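Worksheet for the structure shown next.
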Amino acid sequence: AAMRLEKCYFCSSTIYPGHGIMFVRNDSKVFRFCRSKCHRNFKQKRNPRKVRWTKAYRKAHGKELAKDPVYDFEKRRNVPVKYDRELYAKTLKAMRKVETIRTARESRFKAKRAQIAKLIQNKQARAEIKRDINLIMAPLAQKKSKMELKEKVAQESKMSSMETE
């Protein structure tokens, strides 16, 4: 018989046979936890979407790819199917294909997120340089550049006044 791998109710990580904690509520709902950390947080009535290290948080806050049709293949199906060698081979082939598609989409998603983060980081760096330019440039060089800037403005104003006459 094949191993049944369960998912942690709190953090969505994989639970292997013989591991984790199972909690059965009075209404017979079964909750499985991968470790005591998840069980403890569940007992403290914490929302997994608000706890930063959970898969639910990462998906809810756009850190990971959440709405993708590839994830529909991962759903559990409890319908027994008669063994068919051809069907088995097709299923394995489809699983490999789905996995390659998923990894490609995830890598594109991560690249896009990294690109956005880089833009934000550059913007913050420019703002910091603009704010603290006096730490970078020497005071005399600053005075010189200000004087040159004033001279340019004065020349441009003279040019514009001559053109209007």
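Residue names in the structure tokens use chain letters A, B, ... in the order shown, residue numbers from 1 in each chain, and ligand numbers from 1 in the order shown.
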
Quick one: residues within 9 Å of Lys7 (chain A), only C-alpha atoms, excluding same-chain residues fewer than 4 positions away - as a PyMOL selection string? chain A and resi 11-16+32-34

Given the choices A:Lys143, A:Arg40, A:Arg4, A:Lys67, which gets closest to Ile21 (chain A) if the distance is worked out from only C-alpha atoms?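 With only C-alpha atoms as the atom set, the closest residue is A:Arg40.
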
Expressed in Å to a single decimal, how great is the separation between CA of Glu99 (chain A) and CA of Lys112 (chain A)?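 Going from CA of Glu99 (chain A) over to CA of Lys112 (chain A), I get 20.0 Å.
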
Could you make a table, as CSV, of the residues of region 85-118 of chain A that have an atom within 8 Å of an atom of region 54-65 of chain A, each with its nearest atom pair and distance in Å to one decimal, counting only C-alpha atoms, in chain and number order?
residue,atom,partner,partner_atom,distance
A:Glu106,CA,A:Leu65,CA,6.6
A:Phe109,CA,A:Leu65,CA,6.9
A:Lys110,CA,A:Glu64,CA,8.0

Taking the backbone alone, and naming residues the way the document does, which bits of region 10-138 of chain A are alpha helix (DSSP H) by DSSP, as a ChimeraX atom specification? /A:36-43,55-60,85-131,133-136

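Comparing A:Glu151, A:Phe73, A:Ser28, A:Val51 by their smallest distance to Met95 (chain A), the closest is A:Phe73 (using only C-alpha atoms).
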
Can you tell me how far CA of Asn47 (chain A) sits from CA of Arg77 (chain A), in Å to one decimal?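 Separation of CA of Asn47 (chain A) and CA of Arg77 (chain A): 26.9 Å.
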
Using only C-alpha atoms, can you tell me which of A:Tyr88, A:Phe23, A:Tyr83, A:Phe10 comes closest to Lys45 (chain A)? A:Phe10

Could you check how far CA of Cys8 (chain A) sits from CA of Arg49 (chain A), in Å to one decimal? 13.9 Å

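Minimum atom-to-atom distance to Val24 (chain A), evaluated using only C-alpha atoms, belongs to A:His39 out of A:Arg126, A:Lys158, A:His39, A:Arg46.
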
Please list as a VMD selection string every residue within 10 Å of Arg102 (chain A), counting only C-alpha atoms and excluding residues in the same chain fewer than 4 positions away. chain A and resid 65 68 to 71 96 to 98 106 to 108
